[in-house]
2 protein chains.
Amino acid sequence: MSINIGMIEDDEDIRKLLGFIIDQSPGYACTQRFASCEDGIKEILTHPPDILLMDIDLPGINGVEGVRTIRKHNTRMVILMLTIHEDDDSVFASLCAGANGYLLKGTPPVRLLAALEDAHQGGAPMSAQIANKVVRYFHQSKGNDLSDREIEILSGLCRGENYSSLADILFISKNTVKSHIKNIYKKLHVHTRAEAVLKARELGIK
Amino acid sequence: MSINIGMIEDDEDIRKLLGFIIDQSPGYACTQRFASCEDGIKEILTHPPDILLMDIDLPGINGVEGVRTIRKHNTRMVILMLTIHEDDDSVFASLCAGANGYLLKGTPPVRLLAALEDAHQGGAPMSAQIANKVVRYFHQSKGNDLSDREIEILSGLCRGENYSSLADILFISKNTVKSHIKNIYKKLHVHTRAEAVLKARELGIK
DNA sequence: ATCAAATTCACCCAATTGGAGGATTGACTC
DNA sequence: GAGTCAATCCTCCAATTGGGTGAATTTGAT
């Protein structure tokens with residue numbers, strides 16, 4: 001019995017190419033191909049492949065969102081992201097959302113098969129760079145490295161304060177508040193206030 | 001032993017006027033007067049008055065914030081807000097933050113004393129309008145009345161989605177997303193995304 | 001049948017926000 | 001003394017957000 005590969009990828013050329021490479025490899029079969037999450041997720045969930053290749057940049061429901069949805073219902077399936085740029089926030093986000101690793105579009109067939117084999121054995125194909133980022137992220141998650149002042153600011157955000165009110169309360173300028181918030185966002189790997197507030201909750205900051 | 005009244009109010013004229021009215025009334029003494037939360041909170045907490053009159057519109061730490069801070073350390077003190085406009089979100093926010101009621105600046109002395117008496121006996125001086133708003137708020141808090149679609153949107157906000165991504169995911173226009181979010185804000189009595197997300201958590205929406 | 005909602009969409013406008021730089025001070029370490 | 005970091009402040013700019021108002025359609029309940 002060969003390893004079943006599913007694929008959600010909107011670019012027809014890449015879909016055909018990858019499908020071809022996989023089908024030509026003994027022991028592998030690309031049994032499901034979809035152009036979008038909207039088309040594929042239901043089928044993927046009812047008949048889960050061994051490995052799912054998921055494009056990151058999909059129109060409509062994007063890859064990260066797709067992974068999140070699938071992971072809600074299936075924790076065993078191996079999901080690998082397909083991406084062009086390696087150093088991308090989306091890659092990081094995908095891993096956080098539950099992806100197992102990723103493949104660069106344009107990976108030579110030999111290495112691609114090796115990665116599939118690796119993933120199927122429980123490995124997590126990803127570059128050292130990203131791996132590092134992930135490790136740092138999870139290290140930080142137990143014991144944040146926010147300064148006292150930053151925690152004070154974050155706490156304010158959790159009460160719904162904005163730049164101005166925080167500036168008034170803390171007797172500093174709006175620009176300084178902004179500056180702190182930018183640093184907080186960097187440390188927490190978030191880009192918006194709502195995400196920061198949620199992350200704060202996870203970290204026990206209220 | 002007369003009833004001790006504390007006051008935090010930045011307008012000197014009002015401070016003197018109210019203080020005078022209170023001191024002239026048998027059984028009442030305005031024993032503490034401050035122009036700002038920064039000046040007064042420490043003293044108020046170490047020597048709590050029976051009733052604290054707190055201006056809503058204070059420079060620096062505003063009245064709502066002040067109430068929140070005081071309530072963290074003292075749950076027994078009666079706190080009445082001083083405000084000019086009755087139909088104000090801040091009044092509502094103050095009550096949520098732990099104030100017992102409020103007084104309109106410009107209330108005739110007789111009614112003012114009556115309100116103090118009322119508050120001291122455990123009453124909650126407030127207009128029917130605001131009272132109604134509060135009641136509706138607490139009714140809603142056990143069992144929100146958000147529609148399915150609104151919960152779907154709110155849930156998206158909790159994942160950190162923005163107008164555009166939600167529009168893509170739900171196949172509706174950005175304007176519609178915005179429209180829903182505006183309605184959600186109204187129903188939850190919030191004005192920003194961060195507040196909405198926190199309220200969602202309280203309501204069990206994730 | 002009518003009225004009230006939920007859902008969808010549009011336009012306008014002001015305020016806030018997020019991102020990218022850079023600068024200064026003070027404290028602490030090596 | 002040099003280097004690092006936290007905290008403070010700044011400018012510029014683009015994008016997002018929040019609020020107001022209005023309106024069409026559908027659905028559901030009275």
# chains A, B, ... in the order shown; residues from 1 in each chain; ligands from 1

$ interface_residues --of "chain B" --to "chain A" --cutoff "10 Å" --atoms "only C-alpha atoms" --output "list of chain:residue names"
B:Glu38, B:Pro59, B:Gly60, B:Ile61, B:Asn62, B:Glu65, B:Leu157, B:Cys158, B:Arg159, B:Gly160, B:Glu161, B:Asn162, B:Ser165, B:Leu166, B:Ala167, B:Asp168, B:Ile169, B:Leu170, B:Phe171, B:Val190, B:His191, B:Thr192, B:Arg193, B:Ala194, B:Glu195, B:Ala196, B:Val197, B:Leu198, B:Arg201

$ interface_residues --of "chain B" --to "chain C" --cutoff "10 Å" --atoms "only C-alpha atoms (C1' of nucleotides)" --output "PyMOL selection string"
chain B and resi 147-150+172-177+179-180

$ closest_atom_pairs --of "chain D" --to "chain A" --cutoff "10 Å" --atoms "only C-alpha atoms (C1' of nucleotides)" --output "Markdown table"
| residue | atom | partner | partner_atom | distance |
| --- | --- | --- | --- | --- |
| D:DA6 | C1' | A:Ser147 | CA | 7.8 |
| D:DA7 | C1' | A:Thr176 | CA | 8.3 |
| D:DT8 | C1' | A:Thr176 | CA | 6.3 |
| D:DC9 | C1' | A:Thr176 | CA | 6.3 |
| D:DC10 | C1' | A:Asn175 | CA | 7.6 |

$ write_last_selection --atoms "C-alpha atoms (C1' of nucleotides)" --output "PDB file, in the first residue's frame"
ATOM      1  C1'  DA D   6      15.599  49.595  28.742  1.00  0.00           C
ATOM      2  C1'  DA D   7      13.116  53.637  28.435  1.00  0.00           C
ATOM      3  C1'  DT D   8      12.202  57.812  26.562  1.00  0.00           C
ATOM      4  C1'  DC D   9      11.057  60.665  22.417  1.00  0.00           C
ATOM      5  C1'  DC D  10      10.768  61.986  17.438  1.00  0.00           C
TER       6       DC D  10
END

$ atom_distance --atom1 "atom CA of A:Ser36" --atom2 "atom CA of A:Asp55"
8.9 Å

$ select_by_dssp --residues "chain B" --states "strand (DSSP E or B)" --output "PDB file with N, CA and C atoms, in the first residue's frame"
ATOM      1  N   ILE B   3     -21.110  61.443  58.549  1.00  0.00           N
ATOM      2  CA  ILE B   3     -20.687  60.670  57.384  1.00  0.00           C
ATOM      3  C   ILE B   3     -19.560  61.405  56.676  1.00  0.00           C
ATOM      4  N   ASN B   4     -18.420  60.717  56.514  1.00  0.00           N
ATOM      5  CA  ASN B   4     -17.270  61.353  55.873  1.00  0.00           C
ATOM      6  C   ASN B   4     -17.332  61.232  54.354  1.00  0.00           C
ATOM      7  N   ILE B   5     -17.159  62.372  53.713  1.00  0.00           N
ATOM      8  CA  ILE B   5     -17.182  62.386  52.250  1.00  0.00           C
ATOM      9  C   ILE B   5     -15.794  62.745  51.743  1.00  0.00           C
ATOM     10  N   GLY B   6     -15.296  61.976  50.766  1.00  0.00           N
ATOM     11  CA  GLY B   6     -14.052  62.324  50.089  1.00  0.00           C
ATOM     12  C   GLY B   6     -14.390  62.816  48.695  1.00  0.00           C
ATOM     13  N   MET B   7     -13.491  63.596  48.107  1.00  0.00           N
ATOM     14  CA  MET B   7     -13.801  64.130  46.788  1.00  0.00           C
ATOM     15  C   MET B   7     -12.549  64.236  45.927  1.00  0.00           C
ATOM     16  N   ILE B   8     -12.623  63.735  44.685  1.00  0.00           N
ATOM     17  CA  ILE B   8     -11.545  63.959  43.730  1.00  0.00           C
ATOM     18  C   ILE B   8     -12.158  64.685  42.535  1.00  0.00           C
ATOM     19  N   TYR B  28     -22.957  65.537  57.859  1.00  0.00           N
ATOM     20  CA  TYR B  28     -22.042  65.278  56.763  1.00  0.00           C
ATOM     21  C   TYR B  28     -20.775  66.117  56.906  1.00  0.00           C
ATOM     22  N   ALA B  29     -19.634  65.574  56.512  1.00  0.00           N
ATOM     23  CA  ALA B  29     -18.392  66.333  56.522  1.00  0.00           C
ATOM     24  C   ALA B  29     -17.539  65.949  55.329  1.00  0.00           C
ATOM     25  N   CYS B  30     -17.131  66.963  54.590  1.00  0.00           N
ATOM     26  CA  CYS B  30     -16.254  66.695  53.445  1.00  0.00           C
ATOM     27  C   CYS B  30     -14.812  66.752  53.948  1.00  0.00           C
ATOM     28  N   THR B  31     -14.292  65.595  54.300  1.00  0.00           N
ATOM     29  CA  THR B  31     -13.011  65.549  55.007  1.00  0.00           C
ATOM     30  C   THR B  31     -11.792  65.431  54.100  1.00  0.00           C
ATOM     31  N   GLN B  32     -12.008  65.033  52.856  1.00  0.00           N
ATOM     32  CA  GLN B  32     -10.859  64.870  51.950  1.00  0.00           C
ATOM     33  C   GLN B  32     -11.166  65.447  50.574  1.00  0.00           C
ATOM     34  N   ARG B  33     -10.281  66.305  50.103  1.00  0.00           N
ATOM     35  CA  ARG B  33     -10.496  66.907  48.779  1.00  0.00           C
ATOM     36  C   ARG B  33      -9.204  66.851  47.983  1.00  0.00           C
ATOM     37  N   PHE B  34      -9.272  66.317  46.790  1.00  0.00           N
ATOM     38  CA  PHE B  34      -8.084  66.231  45.941  1.00  0.00           C
ATOM     39  C   PHE B  34      -8.429  66.683  44.531  1.00  0.00           C
ATOM     40  N   ILE B  51     -18.103  57.863  51.751  1.00  0.00           N
ATOM     41  CA  ILE B  51     -18.516  58.017  50.352  1.00  0.00           C
ATOM     42  C   ILE B  51     -17.444  58.816  49.614  1.00  0.00           C
ATOM     43  N   LEU B  52     -17.100  58.363  48.428  1.00  0.00           N
ATOM     44  CA  LEU B  52     -16.145  59.115  47.611  1.00  0.00           C
ATOM     45  C   LEU B  52     -16.858  59.685  46.400  1.00  0.00           C
ATOM     46  N   LEU B  53     -16.723  60.986  46.198  1.00  0.00           N
ATOM     47  CA  LEU B  53     -17.247  61.607  44.988  1.00  0.00           C
ATOM     48  C   LEU B  53     -16.083  61.721  44.009  1.00  0.00           C
ATOM     49  N   MET B  54     -16.226  61.125  42.859  1.00  0.00           N
ATOM     50  CA  MET B  54     -15.116  61.079  41.900  1.00  0.00           C
ATOM     51  C   MET B  54     -15.532  61.689  40.571  1.00  0.00           C
ATOM     52  N   ASP B  55     -14.818  62.720  40.155  1.00  0.00           N
ATOM     53  CA  ASP B  55     -15.087  63.320  38.849  1.00  0.00           C
ATOM     54  C   ASP B  55     -14.746  62.314  37.759  1.00  0.00           C
ATOM     55  N   VAL B  78     -18.366  53.481  49.244  1.00  0.00           N
ATOM     56  CA  VAL B  78     -19.366  53.886  48.270  1.00  0.00           C
ATOM     57  C   VAL B  78     -18.750  54.947  47.353  1.00  0.00           C
ATOM     58  N   ILE B  79     -18.771  54.689  46.063  1.00  0.00           N
ATOM     59  CA  ILE B  79     -18.191  55.643  45.120  1.00  0.00           C
ATOM     60  C   ILE B  79     -19.271  56.193  44.190  1.00  0.00           C
ATOM     61  N   LEU B  80     -19.414  57.486  44.175  1.00  0.00           N
ATOM     62  CA  LEU B  80     -20.361  58.132  43.267  1.00  0.00           C
ATOM     63  C   LEU B  80     -19.585  58.979  42.268  1.00  0.00           C
ATOM     64  N   MET B  81     -19.932  58.877  41.018  1.00  0.00           N
ATOM     65  CA  MET B  81     -19.235  59.642  39.995  1.00  0.00           C
ATOM     66  C   MET B  81     -19.857  61.024  39.853  1.00  0.00           C
ATOM     67  N   LEU B  82     -19.037  61.990  39.532  1.00  0.00           N
ATOM     68  CA  LEU B  82     -19.527  63.334  39.239  1.00  0.00           C
ATOM     69  C   LEU B  82     -19.405  63.551  37.737  1.00  0.00           C
ATOM     70  N   THR B  83     -20.499  63.954  37.114  1.00  0.00           N
ATOM     71  CA  THR B  83     -20.439  64.126  35.665  1.00  0.00           C
ATOM     72  C   THR B  83     -21.341  65.261  35.214  1.00  0.00           C
ATOM     73  N   GLY B 101     -22.953  54.736  41.775  1.00  0.00           N
ATOM     74  CA  GLY B 101     -23.964  55.574  41.157  1.00  0.00           C
ATOM     75  C   GLY B 101     -23.285  56.832  40.680  1.00  0.00           C
ATOM     76  N   TYR B 102     -24.054  57.859  40.372  1.00  0.00           N
ATOM     77  CA  TYR B 102     -23.414  59.097  39.946  1.00  0.00           C
ATOM     78  C   TYR B 102     -24.281  60.291  40.273  1.00  0.00           C
ATOM     79  N   LEU B 103     -23.647  61.440  40.302  1.00  0.00           N
ATOM     80  CA  LEU B 103     -24.357  62.692  40.552  1.00  0.00           C
ATOM     81  C   LEU B 103     -24.080  63.633  39.392  1.00  0.00           C
ATOM     82  N   LEU B 104     -25.100  64.340  38.959  1.00  0.00           N
ATOM     83  CA  LEU B 104     -24.886  65.340  37.935  1.00  0.00           C
ATOM     84  C   LEU B 104     -24.368  66.593  38.603  1.00  0.00           C
TER      85      LEU B 104
END

$ select_by_dssp --residues "stretch 56-204 of chain A" --states "helix (DSSP H, G or I)" --output "PyMOL selection string"
chain A and resi 63-73+89-97+109-120+128-141+148-158+163-170+174-188+193-202

$ residues_around --residues "A:Asp89" --least-positions-apart "4" --cutoff "12 Å" --atoms "only C-alpha atoms (C1' of nucleotides)" --output "list in words"
Ile56, Asp57, Val64, Thr83, His85, Ala93, Ser94, Leu95, Cys96, Ile130, Lys133, Val134, Lys186, His189, Val190 and His191 of chain A

$ atom_distance --atom1 "atom CA of A:Thr46" --atom2 "atom CA of A:Leu58"
21.2 Å

$ atom_distance --atom1 "atom CA of A:Asn183" --atom2 "atom CA of A:Ser90"
20.0 Å
